[in-house]
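Raw contents of upload-v3.cif, mmCIF, C-alpha atoms and all ligand atoms:
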data_protein
#
loop_
_atom_site.label_atom_id
_atom_site.label_comp_id
_atom_site.auth_asym_id
_atom_site.auth_seq_id
_atom_site.Cartn_x
_atom_site.Cartn_y
_atom_site.Cartn_z
CA MET Y 28 -111.73 32.76 273.25
CA THR Y 29 -112.06 36.44 274.10
CA ILE Y 30 -113.02 37.15 270.49
CA PHE Y 31 -115.66 34.43 270.68
CA VAL Y 32 -117.27 36.05 273.73
CA LEU Y 33 -117.10 39.47 272.09
CA LEU Y 34 -118.78 38.16 268.93
CA LEU Y 35 -121.52 36.47 270.93
CA THR Y 36 -122.17 39.77 272.70
CA ILE Y 37 -122.31 41.62 269.36
CA ALA Y 38 -124.64 38.97 268.00
CA GLY Y 39 -126.91 39.56 270.98
CA VAL Y 40 -126.87 43.29 270.34
CA ALA Y 41 -127.68 42.63 266.68
CA ALA Y 42 -130.60 40.45 267.66
CA ALA Y 43 -131.89 43.08 270.06
CA ALA Y 44 -131.55 45.78 267.40
CA GLY Y 45 -133.37 43.56 264.95
CA LEU Y 46 -136.23 43.05 267.40
CA LEU Y 47 -136.44 46.80 268.03
CA LEU Y 48 -136.54 47.60 264.33
CA MET Y 49 -139.05 44.82 263.80
CA ARG Y 50 -141.55 46.86 265.78
CA VAL Y 51 -140.94 49.84 263.54
CA ASP Y 52 -140.86 47.98 260.28
CA HIS Y 53 -142.63 44.67 259.93
CA LYS Y 54 -140.78 44.05 256.73
CA LEU Y 55 -137.66 43.38 258.79
CA LYS Y 56 -139.23 40.30 260.29
CA ARG Y 57 -137.86 38.29 257.46
CA SER Y 58 -134.35 39.67 257.90
CA LEU Y 59 -134.09 38.80 261.62
CA PRO Y 60 -133.17 35.14 261.06
CA LEU Y 61 -130.53 36.32 258.60
CA VAL Y 62 -129.09 38.67 261.22
CA LEU Y 63 -128.85 35.90 263.80
CA ALA Y 64 -127.41 33.46 261.26
CA ALA Y 65 -124.78 35.99 260.21
CA ALA Y 66 -123.83 36.64 263.83
CA LEU Y 67 -123.50 32.92 264.59
CA LEU Y 68 -121.52 32.33 261.40
CA ALA Y 69 -119.12 35.12 262.30
CA ALA Y 70 -118.75 33.74 265.82
CA SER Y 71 -117.96 30.25 264.53
CA CYS Y 72 -115.45 31.50 262.00
CA GLY Y 73 -113.73 33.88 264.40
CA SER Y 74 -111.35 35.20 261.74
CA ASP Y 75 -113.84 37.44 259.90
CA THR Y 76 -115.38 39.99 262.25
CA SER Y 77 -116.45 42.53 259.68
CA ILE Y 78 -119.95 41.17 259.19
CA ALA Y 79 -120.81 40.87 262.87
CA THR Y 80 -119.42 44.27 263.82
CA THR Y 81 -121.88 46.10 261.58
CA PRO Y 82 -125.23 44.99 262.96
CA ASP Y 83 -126.93 48.33 262.34
CA SER Y 84 -126.31 48.34 258.63
CA THR Y 85 -127.11 44.64 258.36
CA SER Y 86 -130.48 45.02 260.02
CA SER Y 87 -131.53 48.19 258.25
CA SER Y 88 -130.94 47.20 254.66
CA ALA Y 89 -129.44 43.75 254.46
CA ALA Y 90 -126.56 43.51 251.95
CA VAL Y 91 -127.00 46.78 250.02
CA PRO Y 92 -124.02 48.64 251.53
CA ALA Y 93 -121.77 45.69 250.77
CA GLU Y 94 -122.98 45.60 247.15
CA GLU Y 95 -122.41 49.34 246.77
CA ALA Y 96 -118.91 48.96 248.05
CA VAL Y 97 -118.23 46.19 245.54
CA ASP Y 98 -119.75 48.25 242.73
CA SER Y 99 -117.60 51.28 243.46
CA THR Y 100 -114.43 49.23 243.40
CA ASP Y 101 -115.51 47.48 240.19
CA VAL Y 102 -115.88 50.75 238.26
CA GLU Y 103 -112.25 51.76 238.48
CA PRO Y 104 -110.51 48.78 236.93
CA SER Y 105 -113.14 48.01 234.26
CA PRO Y 106 -111.23 48.04 230.97
CA ILE Y 107 -112.24 50.68 228.38
CA GLU Y 108 -110.91 50.44 224.85
CA ALA Y 109 -108.91 53.43 223.64
CA ASP Y 110 -110.87 55.90 221.47
CA THR Y 111 -109.04 56.17 218.16
CA SER Y 112 -111.76 58.06 216.26
CA SER Y 113 -110.18 61.50 216.77
CA GLY Y 114 -106.89 60.25 215.41
CA ASP Y 115 -108.59 58.96 212.29
CA SER Y 116 -110.23 62.28 211.42
CA ALA Y 117 -107.02 64.24 211.95
CA GLY Y 118 -105.19 61.86 209.65
CA GLY Y 119 -107.57 62.55 206.75
CA THR Y 120 -106.79 66.24 206.36
CA SER Y 121 -104.45 67.81 203.85
CA THR Y 122 -103.03 71.28 203.39
CA PHE Y 123 -104.44 73.32 200.52
CA GLN Y 124 -104.06 76.82 199.22
CA ILE Y 125 -106.69 78.85 197.42
CA GLU Y 126 -105.65 81.60 195.05
CA VAL Y 127 -108.35 84.17 194.39
CA TRP Y 128 -108.65 87.28 192.29
CA ALA Y 129 -111.81 89.35 192.55
CA ASP Y 130 -113.11 92.62 191.19
CA ASN Y 131 -113.35 94.07 193.77
CA TRP Y 132 -113.45 92.16 197.06
CA MET Y 133 -113.93 88.65 198.45
CA ALA Y 134 -114.10 86.56 201.64
CA VAL Y 135 -113.43 82.80 201.61
CA TYR Y 136 -114.95 80.19 203.91
CA ILE Y 137 -113.98 76.51 204.13
CA ASP Y 138 -116.48 74.15 205.79
CA GLY Y 139 -118.20 77.14 207.37
CA GLU Y 140 -115.06 78.79 208.74
CA LEU Y 141 -113.70 82.11 207.45
CA ILE Y 142 -110.12 81.44 206.33
CA GLY Y 143 -109.35 84.79 204.77
CA GLU Y 144 -110.68 87.91 203.16
CA ASP Y 145 -109.44 90.50 200.74
CA SER Y 146 -106.73 92.57 202.41
CA VAL Y 147 -107.59 95.66 200.38
CA PRO Y 148 -110.80 97.41 201.52
CA ILE Y 149 -113.47 97.59 198.84
CA THR Y 150 -113.64 101.35 199.29
CA THR Y 151 -110.09 101.63 197.96
CA GLU Y 152 -110.20 103.03 194.43
CA ARG Y 153 -109.13 100.38 191.93
CA SER Y 154 -108.94 97.70 194.66
CA PHE Y 155 -107.63 95.01 192.33
CA ASN Y 156 -105.42 92.36 193.89
CA ALA Y 157 -105.00 88.59 194.24
CA GLU Y 158 -104.95 86.76 197.56
CA VAL Y 159 -103.55 83.37 198.61
CA PHE Y 160 -104.97 81.63 201.67
CA THR Y 161 -103.77 78.32 203.14
CA PHE Y 162 -106.10 75.92 204.97
CA GLU Y 163 -106.43 72.37 206.28
CA ALA Y 164 -109.36 70.26 205.09
CA ALA Y 165 -110.47 66.71 204.42
CA TYR Y 166 -112.44 65.60 201.36
CA PRO Y 167 -115.16 66.43 200.73
CA PHE Y 168 -114.97 70.05 201.81
CA THR Y 169 -117.18 73.03 201.08
CA VAL Y 170 -115.90 76.33 199.68
CA ALA Y 171 -118.08 79.41 200.09
CA ILE Y 172 -117.03 82.79 198.71
CA GLU Y 173 -118.71 86.15 199.12
CA ALA Y 174 -117.70 88.42 196.25
CA LYS Y 175 -118.52 92.11 195.86
CA ASP Y 176 -118.24 94.55 193.02
CA PHE Y 177 -117.78 98.05 194.41
CA LYS Y 178 -120.82 100.30 194.52
CA GLU Y 179 -120.86 103.69 196.14
CA THR Y 180 -124.47 103.32 197.30
CA ASP Y 181 -127.31 100.84 196.87
CA SER Y 182 -127.96 102.59 193.56
CA GLY Y 183 -125.14 100.40 192.21
CA ILE Y 184 -123.39 103.49 190.83
CA GLU Y 185 -119.81 104.54 191.54
CA TYR Y 186 -118.01 107.89 191.21
CA ILE Y 187 -121.32 109.64 191.79
CA GLY Y 188 -121.13 113.30 190.79
CA GLU Y 189 -117.82 112.86 189.00
CA SER Y 190 -117.12 112.84 185.29
CA ASN Y 191 -116.69 109.07 185.28
CA GLN Y 192 -119.97 108.30 187.14
CA GLN Y 193 -120.79 104.76 186.02
CA MET Y 194 -121.91 101.22 186.80
CA GLY Y 195 -118.88 99.27 188.00
CA ASP Y 196 -118.39 95.70 186.87
CA GLY Y 197 -117.36 92.54 188.73
CA GLY Y 198 -115.79 89.15 188.10
CA MET Y 199 -113.70 86.64 190.02
CA ILE Y 200 -111.55 83.55 189.60
CA ALA Y 201 -110.13 81.03 192.07
CA GLN Y 202 -108.19 77.77 192.11
CA ILE Y 203 -107.38 75.36 194.92
CA THR Y 204 -104.08 73.47 195.04
CA ASP Y 205 -103.04 70.52 197.19
CA VAL Y 206 -99.86 71.91 198.71
CA THR Y 207 -98.27 68.46 199.09
CA THR Y 208 -98.77 67.29 195.52
CA GLY Y 209 -98.87 70.67 193.79
CA GLU Y 210 -101.97 69.53 191.94
CA VAL Y 211 -104.82 71.94 191.24
CA VAL Y 212 -107.78 70.03 192.70
CA ALA Y 213 -110.55 72.55 192.06
CA ALA Y 214 -111.21 75.82 190.25
CA THR Y 215 -114.06 78.20 189.56
CA ASP Y 216 -116.29 77.21 186.64
CA SER Y 217 -119.96 76.92 185.76
CA SER Y 218 -120.47 74.10 188.28
CA TRP Y 219 -120.27 76.59 191.16
CA SER Y 220 -123.59 77.62 192.68
CA THR Y 221 -124.39 81.33 192.93
CA LEU Y 222 -126.92 83.57 194.60
CA VAL Y 223 -126.91 87.27 193.70
CA VAL Y 224 -127.99 89.20 196.80
CA HIS Y 225 -127.46 92.76 195.52
CA GLN Y 226 -128.55 93.91 192.07
CA ALA Y 227 -128.44 97.53 191.00
CA PRO Y 228 -129.32 99.49 189.09
CA LEU Y 229 -132.27 97.53 187.75
CA ASN Y 230 -133.13 100.50 185.49
CA THR Y 231 -129.75 101.09 183.89
CA GLU Y 232 -130.89 104.29 182.19
CA CYS Y 233 -130.42 106.02 185.56
CA VAL Y 234 -126.63 105.72 185.32
CA ARG Y 235 -125.94 109.35 184.47
CA ASP Y 236 -128.70 110.87 186.58
CA THR Y 237 -127.59 113.67 188.86
CA ASP Y 238 -129.15 111.91 191.85
CA PRO Y 239 -128.95 108.17 191.17
CA ASP Y 240 -130.01 107.35 194.74
CA ALA Y 241 -133.38 108.91 193.91
CA THR Y 242 -133.86 107.34 190.50
CA CYS Y 243 -131.96 104.04 190.39
CA GLU Y 244 -133.83 100.91 191.49
CA PHE Y 245 -132.21 98.00 193.25
CA LEU Y 246 -132.97 94.53 194.55
CA ILE Y 247 -131.41 93.34 197.80
CA LEU Y 248 -132.01 89.83 199.14
CA ASP Y 249 -131.42 88.79 202.73
CA THR Y 250 -128.23 86.76 202.90
CA PRO Y 251 -129.37 83.28 204.02
CA THR Y 252 -128.23 82.39 207.50
CA ASP Y 253 -125.67 79.58 207.52
CA TRP Y 254 -125.10 79.92 203.76
CA VAL Y 255 -121.42 79.07 204.38
CA ALA Y 256 -122.29 75.87 206.26
CA VAL Y 257 -121.46 72.47 204.86
CA ASP Y 258 -125.06 71.25 205.01
CA PHE Y 259 -126.64 74.42 203.58
CA ASP Y 260 -129.03 73.54 200.76
CA ASP Y 261 -127.95 75.52 197.68
CA SER Y 262 -129.87 73.32 195.21
CA ALA Y 263 -132.10 76.26 194.25
CA TRP Y 264 -129.14 78.52 193.43
CA ALA Y 265 -128.13 79.28 189.85
CA HIS Y 266 -125.01 78.01 188.11
CA ALA Y 267 -122.24 80.55 187.80
CA THR Y 268 -121.88 82.31 184.47
CA VAL Y 269 -118.46 81.91 182.84
CA TRP Y 270 -116.97 85.11 181.42
CA SER Y 271 -113.94 85.62 179.19
CA ALA Y 272 -110.90 87.67 180.13
CA ALA Y 273 -111.98 90.12 177.44
CA ASP Y 274 -115.35 90.53 179.17
CA VAL Y 275 -113.88 91.07 182.62
CA SER Y 276 -110.56 92.67 181.62
CA PRO Y 277 -108.95 91.48 184.89
CA LYS Y 278 -106.56 93.98 186.36
CA ASP Y 279 -103.81 94.19 188.98
CA GLY Y 280 -102.93 90.92 190.69
CA TYR Y 281 -104.53 88.66 188.10
CA ASP Y 282 -101.28 88.13 186.18
CA GLU Y 283 -99.36 87.31 189.36
CA ILE Y 284 -101.10 83.92 189.53
CA SER Y 285 -100.35 81.02 187.18
CA TRP Y 286 -103.95 80.05 186.48
CA ASP Y 287 -104.75 76.44 185.65
CA ASP Y 288 -106.52 75.81 182.35
CA THR Y 289 -109.59 74.71 184.31
CA ALA Y 290 -109.87 77.99 186.23
CA GLN Y 291 -112.45 80.32 184.69
CA LEU Y 292 -113.64 83.83 185.43
CA ILE Y 293 -117.17 83.62 186.82
CA TRP Y 294 -119.89 85.94 188.08
CA GLY Y 295 -123.66 86.27 187.87
CA THR Y 296 -125.52 86.74 184.60
CA ASP Y 297 -124.66 90.44 184.49
CA LEU Y 298 -121.16 91.75 185.20
CA GLU Y 299 -122.42 95.27 185.93
CA VAL Y 300 -125.80 94.90 187.64
CA ASP Y 301 -124.91 91.93 189.84
CA ASN Y 302 -122.95 93.53 192.66
CA THR Y 303 -122.80 91.09 195.58
CA ILE Y 304 -122.66 87.35 194.90
CA LEU Y 305 -122.53 84.30 197.13
CA LEU Y 306 -120.73 81.31 195.59
CA ARG Y 307 -120.50 77.73 196.79
CA ALA Y 308 -118.83 74.50 195.66
CA THR Y 309 -118.20 71.14 197.27
CA ILE Y 310 -114.78 69.70 196.49
CA SER Y 311 -114.47 65.89 196.58
CA CA Y 401 -121.71 96.86 189.58
CA CA Y 402 -115.62 96.66 190.02
#

Could you rewrite the structure in this file as structure tokens?
Amino acid sequence: MTIFVLLLTIAGVAAAAGLLLMRVDHKLKRSLPLVLAAALLAASCGSDTSIATTPDSTSSSAAVPAEEAVDSTDVEPSPIEADTSSGDSAGGTSTFQIEVWADNWMAVYIDGELIGEDSVPITTERSFNAEVFTFEAAYPFTVAIEAKDFKETDSGIEYIGESNQQMGDGGMIAQITDVTTGEVVAATDSSWSTLVVHQAPLNTECVRDTDPDATCEFLILDTPTDWVAVDFDDSAWAHATVWSAADVSPKDGYDEISWDDTAQLIWGTDLEVDNTILLRATIS
């Protein structure tokens, strides 16, 4: 009985508040009957006092606060299916190793990431050595290799001022093996795309000049940005030129690798004049 009186009092307050607000906002005229009905309903039920004890919120914006409260509780338990996509991509990778021999230096990128570079600086005299790098990848993956023949200056000449002043020559070979199966899955051949970005000397008669930097001509191209990226468009690049072992006369490190029959020595169209070469292949 006491609750009933209390609820009637609250209902009266709600009605008064509704009338007050009605003067401020004529739109609330329509909500006044709802306020009174809610108060009377609460009074008759007696057990649920929550509606009648919040007259201010009821009169100002009807049922919005109640809806917001319901919404906020609905968000938490809403079921979300587990995301398995990351697990799928991780499951598609395999471990590979790439064996590379270059005259004189190389850096290897897989899918745009540098995975290794020649451990012997190109400035080291007779920097001939093979390298083995291991990497994780999923088919298809992109291999990009920067290869450099040593040149003392942009003239393209080495041993300048010495008795053996000359044009150096280049050449490289690589093969990729699936570590799990032991199978050679890719190797350098004429299908690789190449872009020569440093050519010198263009006038080879300058080779023995006393000041080759003054007389030798060269051509240097800007290295394309993102040339190691998977989606880089190398369709305008040239095919690699295949060279024989007799042409390249591969030196230290070459014989340490058991080269697959499919692996071939490649370079640009000129072993001596082509000094820095970008190479790309997509392995699928
Ligand atoms: Ca050269
Ligand atoms: Ca060389």

* From the list Y:Asp240, Y:Glu144, Y:Glu232, Y:Asp196, which residue is nearest ligand CA 402 (chain Y) when using only C-alpha atoms and all ligand atoms? -> Y:Asp196

* **Pick from Y:Ser121, Y:Thr221, Y:Ser182, Y:Asn302 nearest to ligand CA 402 (chain Y), counting all atoms listed in the file** => Y:Asn302

Within 8 Å of ligand CA 401 (chain Y), counting only C-alpha atoms and all ligand atoms: which residues, as a tab-separated table (two decimals) with C-alpha atoms, keeping the file's coordinate frame?
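This went into part18.tsv:
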chain	number	residue	atom	x	y	z
Y	176	ASP	CA	-118.24	94.55	193.02
Y	177	PHE	CA	-117.78	98.05	194.41
Y	178	LYS	CA	-120.82	100.30	194.52
Y	183	GLY	CA	-125.14	100.40	192.21
Y	184	ILE	CA	-123.39	103.49	190.83
Y	194	MET	CA	-121.91	101.22	186.80
Y	195	GLY	CA	-118.88	99.27	188.00
Y	196	ASP	CA	-118.39	95.70	186.87
Y	197	GLY	CA	-117.36	92.54	188.73
Y	226	GLN	CA	-128.55	93.91	192.07
Y	227	ALA	CA	-128.44	97.53	191.00
Y	298	LEU	CA	-121.16	91.75	185.20
Y	299	GLU	CA	-122.42	95.27	185.93
Y	300	VAL	CA	-125.80	94.90	187.64
Y	301	ASP	CA	-124.91	91.93	189.84
Y	302	ASN	CA	-122.95	93.53	192.66

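Each of Y:Ile187, Y:Val275, Y:Ala157, Y:Leu305 was checked against ligand CA 402 (chain Y) using all atoms listed in the file; the smallest atom-to-atom distance is that of Y:Val275.
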
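Omitting range 135-142 of chain Y and its sequence neighbours fewer than 5 positions away, and counting only C-alpha atoms, the residues within 10 Å are Ile125, Val127, Phe160, Thr161, Phe162, Glu163, Ala164, Ala165, Pro167, Phe168, Thr169, Val170, Ala171, Ile172, Glu173, Ala174, Asp253, Trp254, Val255, Ala256, Val257, Asp258, Phe259, Leu306, Arg307, Ala308 and Thr309 of chain Y.
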
* Between CA of Thr289 in chain Y and CA of Gln124 in chain Y, what is the distance, to one decimal in Å? ->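 Separating CA of Thr289 in chain Y from CA of Gln124 in chain Y is a distance of 16.0 Å.
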
* In Å, how far is it from CA of Ile200 in chain Y to CA of Asn230 in chain Y? ->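 One can read the CA of Ile200 in chain Y to CA of Asn230 in chain Y distance as 27.7 Å.
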
* Asked: Given the choices Y:Ala273, Y:Ala214, Y:Met199, Y:Ala134, which gets closest to ligand CA 402 (chain Y) if the distance is worked out from all atoms listed in the file?
  -> Y:Met199

* Asked: Counting all atoms listed in the file, which of Y:Ala129, Y:Leu229, Y:Val223, Y:Ala263 gets nearest to Cys243 in chain Y?
  ->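 Distance minimum relative to Cys243 in chain Y lands on Y:Leu229.
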